[in-house]
Amino acid sequence: MVDLVANMLQRARFLLRVVLFGVSLCFLALLNIAHGLILLLLTWKAKHMNNVAAWGRVLARFMSFTGTEVVLDGREHLEADRSCIFVSNHQSSLDLLAMLAIWPRNTVAVAKQSIILAPIFGQAVYLNGTILINRKDGAGARQQLNSAFKEMVPRKERIWFFPEGTRNRSSNDMLPFKKGAFYMAIENQVPIVPIVFSSMSDFYSRSDMRWDSGSIRLRALPAVPTAGLSRDDLSELMRTVSNQMLDTLAELNGN
């Protein structure tokens, strides 16, 4: 009986926090849309990549009251005044909360085009300056990203990638990296800044409907330079970044 009650309370706590997270995201999206409309009236430009940097911290502060804290080490590596490519591991939906909490200024994400059809969220994503690509057209997507990033580099703007390409359910390992982010870094001679998310399995499990109080730890690592590298160095660059991130993941997880 005690176990049954404990299980029911765990599920209820999970559902409550999921609802609070969803409502908070919806509220954040509406704020972004309102901000975009105000910008449109004042400047005739509704899209601005720093919308999310401002409002994301509001969301993180609100979620901290539910017992989910975001702790960042190495913030100085996120705030350096230069263009770069951020790469991070990807484990669960909670990555979004951690990303929003630390989102660097002058940074955009990459998302599939179909997200624009999602009510409220799609419009907010568009107004944040997110680069929307057609994943079914790999060559076209790469060309679109390369073209967009070449224009961003002189303005010291950045892009955030999940090089694994999808969520990885393992908390102590990473999936093989896709080449795109690393190719772009070499092509534009900009550094790669790795960002590592700790495991969240000790307090969060979607399959078990468990979301206890806990901390999401992130660590931004020093930039990995690409100056002087060519396409021949692509594999070695990917190995270097992957090994650094795996070592940091093990350290954050206490392994």
# chains A, B, ... in the order shown; residues from 1 in each chain; ligands from 1

$ closest_atom_pairs --of "region 63-165 of chain A" --to "region 200-214 of chain A" --cutoff "8 Å" --atoms "only C-alpha atoms" --output "CSV"
residue,atom,partner,partner_atom,distance
A:Thr66,CA,A:Ser213,CA,7.4
A:Gly67,CA,A:Ser213,CA,4.5
A:Thr68,CA,A:Gly214,CA,5.3
A:Glu69,CA,A:Gly214,CA,6.4

$ select_by_dssp --residues "region 27-197 of chain A" --states "helix (DSSP H, G or I)" --output "PyMOL selection string"
chain A and resi 27-43+51-64+75-78+94-102+113-117+121-127+138-155+180-188

$ closest_residue --among "A:Ala98, A:Val71, A:Ile85, A:Met152" --to "Pro225 (chain A)" --atoms "only C-alpha atoms"
A:Ile85

$ closest_atom_pairs --of "region 58-148 of chain A" --to "region 182-194 of chain A" --cutoff "6 Å" --atoms "only C-alpha atoms" --output "Markdown table"
| residue | atom | partner | partner_atom | distance |
| --- | --- | --- | --- | --- |
| A:Cys84 | CA | A:Pro191 | CA | 5.2 |
| A:Ile85 | CA | A:Ile192 | CA | 4.9 |
| A:Phe86 | CA | A:Val193 | CA | 4.8 |
| A:Val87 | CA | A:Pro194 | CA | 5.0 |
| A:Ser88 | CA | A:Pro194 | CA | 5.9 |

$ select_by_dssp --residues "region 59-189 of chain A" --states "strand (DSSP E)" --output "MDAnalysis selection string"
chainID A and resid 68:73 85:88 107:112 131:133 158:161

$ residues_around --residues "Asn243 (chain A)" --least-positions-apart "5" --cutoff "12 Å" --atoms "only C-alpha atoms" --output "number ranges by chain"
A: 173-174, 176-177, 194, 196, 236-238, 248-250

$ residues_around --residues "region 113-130 of chain A" --least-positions-apart "5" --cutoff "6 Å" --atoms "only C-alpha atoms" --output "ChimeraX atom specification"
/A:29,32-33,47-49,51,108

$ write_last_selection --atoms "N, CA and C atoms" --output "short mmCIF file (atom, residue, chain, number, x, y, z; two decimals), in the first residue's frame"
data_model
loop_
_atom_site.label_atom_id
_atom_site.label_comp_id
_atom_site.auth_asym_id
_atom_site.auth_seq_id
_atom_site.Cartn_x
_atom_site.Cartn_y
_atom_site.Cartn_z
N ALA A 29 6.51 31.70 -25.26
CA ALA A 29 6.27 31.87 -26.69
C ALA A 29 5.39 33.08 -26.96
N ASN A 32 7.40 36.17 -26.61
CA ASN A 32 8.23 36.36 -27.79
C ASN A 32 7.44 36.95 -28.95
N ILE A 33 6.23 36.45 -29.13
CA ILE A 33 5.39 36.95 -30.21
C ILE A 33 5.02 38.41 -29.97
N LYS A 47 11.78 39.91 -36.42
CA LYS A 47 12.68 38.84 -36.01
C LYS A 47 13.90 39.41 -35.29
N HIS A 48 14.25 38.78 -34.15
CA HIS A 48 15.45 39.19 -33.44
C HIS A 48 15.97 38.01 -32.63
N MET A 49 17.21 37.61 -32.86
CA MET A 49 17.73 36.41 -32.23
C MET A 49 17.91 36.54 -30.72
N ASN A 51 15.68 37.66 -28.65
CA ASN A 51 14.42 37.49 -27.93
C ASN A 51 14.51 36.35 -26.92
N VAL A 108 21.60 31.67 -32.71
CA VAL A 108 20.37 31.08 -33.25
C VAL A 108 20.48 29.56 -33.21
#

$ closest_residue --among "A:Leu16, A:Ala60, A:Met8, A:Ile131" --to "Ser215 (chain A)" --atoms "only C-alpha atoms"
A:Ala60

$ atom_distance --atom1 "CA of Ala111 (chain A)" --atom2 "CA of Glu151 (chain A)"
18.5 Å

$ residues_around --residues "Arg155 (chain A)" --least-positions-apart "2" --cutoff "12 Å" --atoms "only C-alpha atoms" --output "list in words"
Asp81, Arg82, Ser83, Cys84, Asn106, Thr107, Ala148, Phe149, Lys150, Glu151, Met152, Val153, Glu157 and Arg158 of chain A

$ atom_distance --atom1 "CA of Leu72 (chain A)" --atom2 "CA of Arg217 (chain A)"
6.0 Å

$ closest_residue --among "A:Thr226, A:Ser24, A:Asn253, A:Ser198" --to "Trp55 (chain A)" --atoms "only C-alpha atoms"
A:Ser24

$ decode --residues "region 58-160 of chain A" --atoms "C-alpha atoms" --output "tab-separated table (two decimals), in the first residue's frame"
chain	number	residue	atom	x	y	z
A	58	VAL	CA	12.54	34.21	-17.02
A	59	LEU	CA	11.42	30.65	-17.74
A	60	ALA	CA	14.42	29.16	-15.93
A	61	ARG	CA	13.81	31.35	-12.88
A	62	PHE	CA	10.18	30.23	-12.77
A	63	MET	CA	11.08	26.54	-13.13
A	64	SER	CA	13.59	26.84	-10.28
A	65	PHE	CA	10.64	27.30	-7.96
A	66	THR	CA	9.49	23.80	-8.96
A	67	GLY	CA	12.80	22.34	-7.82
A	68	THR	CA	14.67	22.15	-11.14
A	69	GLU	CA	17.87	24.19	-11.06
A	70	VAL	CA	20.25	24.90	-13.94
A	71	VAL	CA	23.91	25.25	-12.97
A	72	LEU	CA	26.49	26.44	-15.52
A	73	ASP	CA	30.27	26.23	-15.37
A	74	GLY	CA	32.40	28.14	-17.88
A	75	ARG	CA	30.02	30.95	-18.80
A	76	GLU	CA	32.98	32.99	-20.03
A	77	HIS	CA	33.32	30.61	-22.97
A	78	LEU	CA	29.76	31.42	-24.04
A	79	GLU	CA	30.17	35.17	-23.85
A	80	ALA	CA	33.42	35.67	-25.79
A	81	ASP	CA	32.97	38.40	-28.39
A	82	ARG	CA	33.36	36.36	-31.58
A	83	SER	CA	31.47	34.16	-33.97
A	84	CYS	CA	31.54	30.43	-33.23
A	85	ILE	CA	29.56	27.21	-33.43
A	86	PHE	CA	28.16	25.74	-30.20
A	87	VAL	CA	27.75	21.96	-30.05
A	88	SER	CA	26.10	20.04	-27.22
A	89	ASN	CA	24.87	16.58	-26.34
A	90	HIS	CA	21.12	15.95	-26.38
A	91	GLN	CA	19.32	13.70	-23.87
A	92	SER	CA	15.74	14.76	-23.19
A	93	SER	CA	13.11	17.48	-23.34
A	94	LEU	CA	14.70	19.06	-20.28
A	95	ASP	CA	17.64	20.06	-22.47
A	96	LEU	CA	15.37	22.82	-23.75
A	97	LEU	CA	14.97	24.25	-20.24
A	98	ALA	CA	18.74	24.22	-19.69
A	99	MET	CA	19.41	25.77	-23.10
A	100	LEU	CA	16.94	28.60	-22.52
A	101	ALA	CA	18.42	29.31	-19.10
A	102	ILE	CA	21.92	29.91	-20.48
A	103	TRP	CA	21.17	30.94	-24.08
A	104	PRO	CA	24.05	33.14	-25.30
A	105	ARG	CA	23.28	36.43	-26.98
A	106	ASN	CA	23.59	36.69	-30.76
A	107	THR	CA	22.90	32.97	-31.15
A	108	VAL	CA	20.37	31.08	-33.25
A	109	ALA	CA	19.27	27.46	-33.36
A	110	VAL	CA	18.46	25.20	-36.29
A	111	ALA	CA	15.06	23.51	-36.61
A	112	LYS	CA	13.02	21.65	-39.19
A	113	GLN	CA	10.71	23.75	-41.36
A	114	SER	CA	7.56	21.96	-40.21
A	115	ILE	CA	7.86	23.47	-36.73
A	116	ILE	CA	6.50	26.73	-38.15
A	117	LEU	CA	3.10	24.98	-38.36
A	118	ALA	CA	2.94	24.45	-34.59
A	119	PRO	CA	0.52	27.04	-33.13
A	120	ILE	CA	2.25	29.69	-30.98
A	121	PHE	CA	5.54	27.79	-30.68
A	122	GLY	CA	6.20	27.82	-34.41
A	123	GLN	CA	5.67	31.56	-34.66
A	124	ALA	CA	7.87	32.18	-31.60
A	125	VAL	CA	10.65	30.04	-33.05
A	126	TYR	CA	10.47	31.99	-36.31
A	127	LEU	CA	10.64	35.34	-34.51
A	128	ASN	CA	13.73	34.17	-32.59
A	129	GLY	CA	15.60	34.03	-35.89
A	130	THR	CA	15.83	30.23	-35.89
A	131	ILE	CA	17.15	28.86	-39.18
A	132	LEU	CA	14.44	26.59	-40.58
A	133	ILE	CA	15.64	23.82	-42.88
A	134	ASN	CA	14.11	21.03	-44.92
A	135	ARG	CA	15.69	17.91	-43.44
A	136	LYS	CA	14.53	15.81	-46.39
A	137	ASP	CA	16.74	17.88	-48.69
A	138	GLY	CA	20.17	17.33	-47.17
A	139	ALA	CA	22.13	19.16	-49.86
A	140	GLY	CA	19.74	22.10	-49.87
A	141	ALA	CA	19.81	22.32	-46.06
A	142	ARG	CA	23.61	22.37	-46.00
A	143	GLN	CA	23.72	25.07	-48.65
A	144	GLN	CA	21.13	27.13	-46.77
A	145	LEU	CA	23.05	26.84	-43.48
A	146	ASN	CA	26.40	27.66	-45.06
A	147	SER	CA	24.96	30.68	-46.83
A	148	ALA	CA	23.28	31.97	-43.65
A	149	PHE	CA	26.36	31.44	-41.50
A	150	LYS	CA	28.69	33.23	-43.92
A	151	GLU	CA	26.53	36.33	-43.42
A	152	MET	CA	26.52	35.85	-39.63
A	153	VAL	CA	30.28	35.52	-39.11
A	154	PRO	CA	31.18	39.21	-39.74
A	155	ARG	CA	28.45	40.19	-37.26
A	156	LYS	CA	29.95	37.87	-34.59
A	157	GLU	CA	26.80	35.77	-34.47
A	158	ARG	CA	26.67	32.09	-33.51
A	159	ILE	CA	24.74	28.87	-34.23
A	160	TRP	CA	23.87	26.10	-31.74
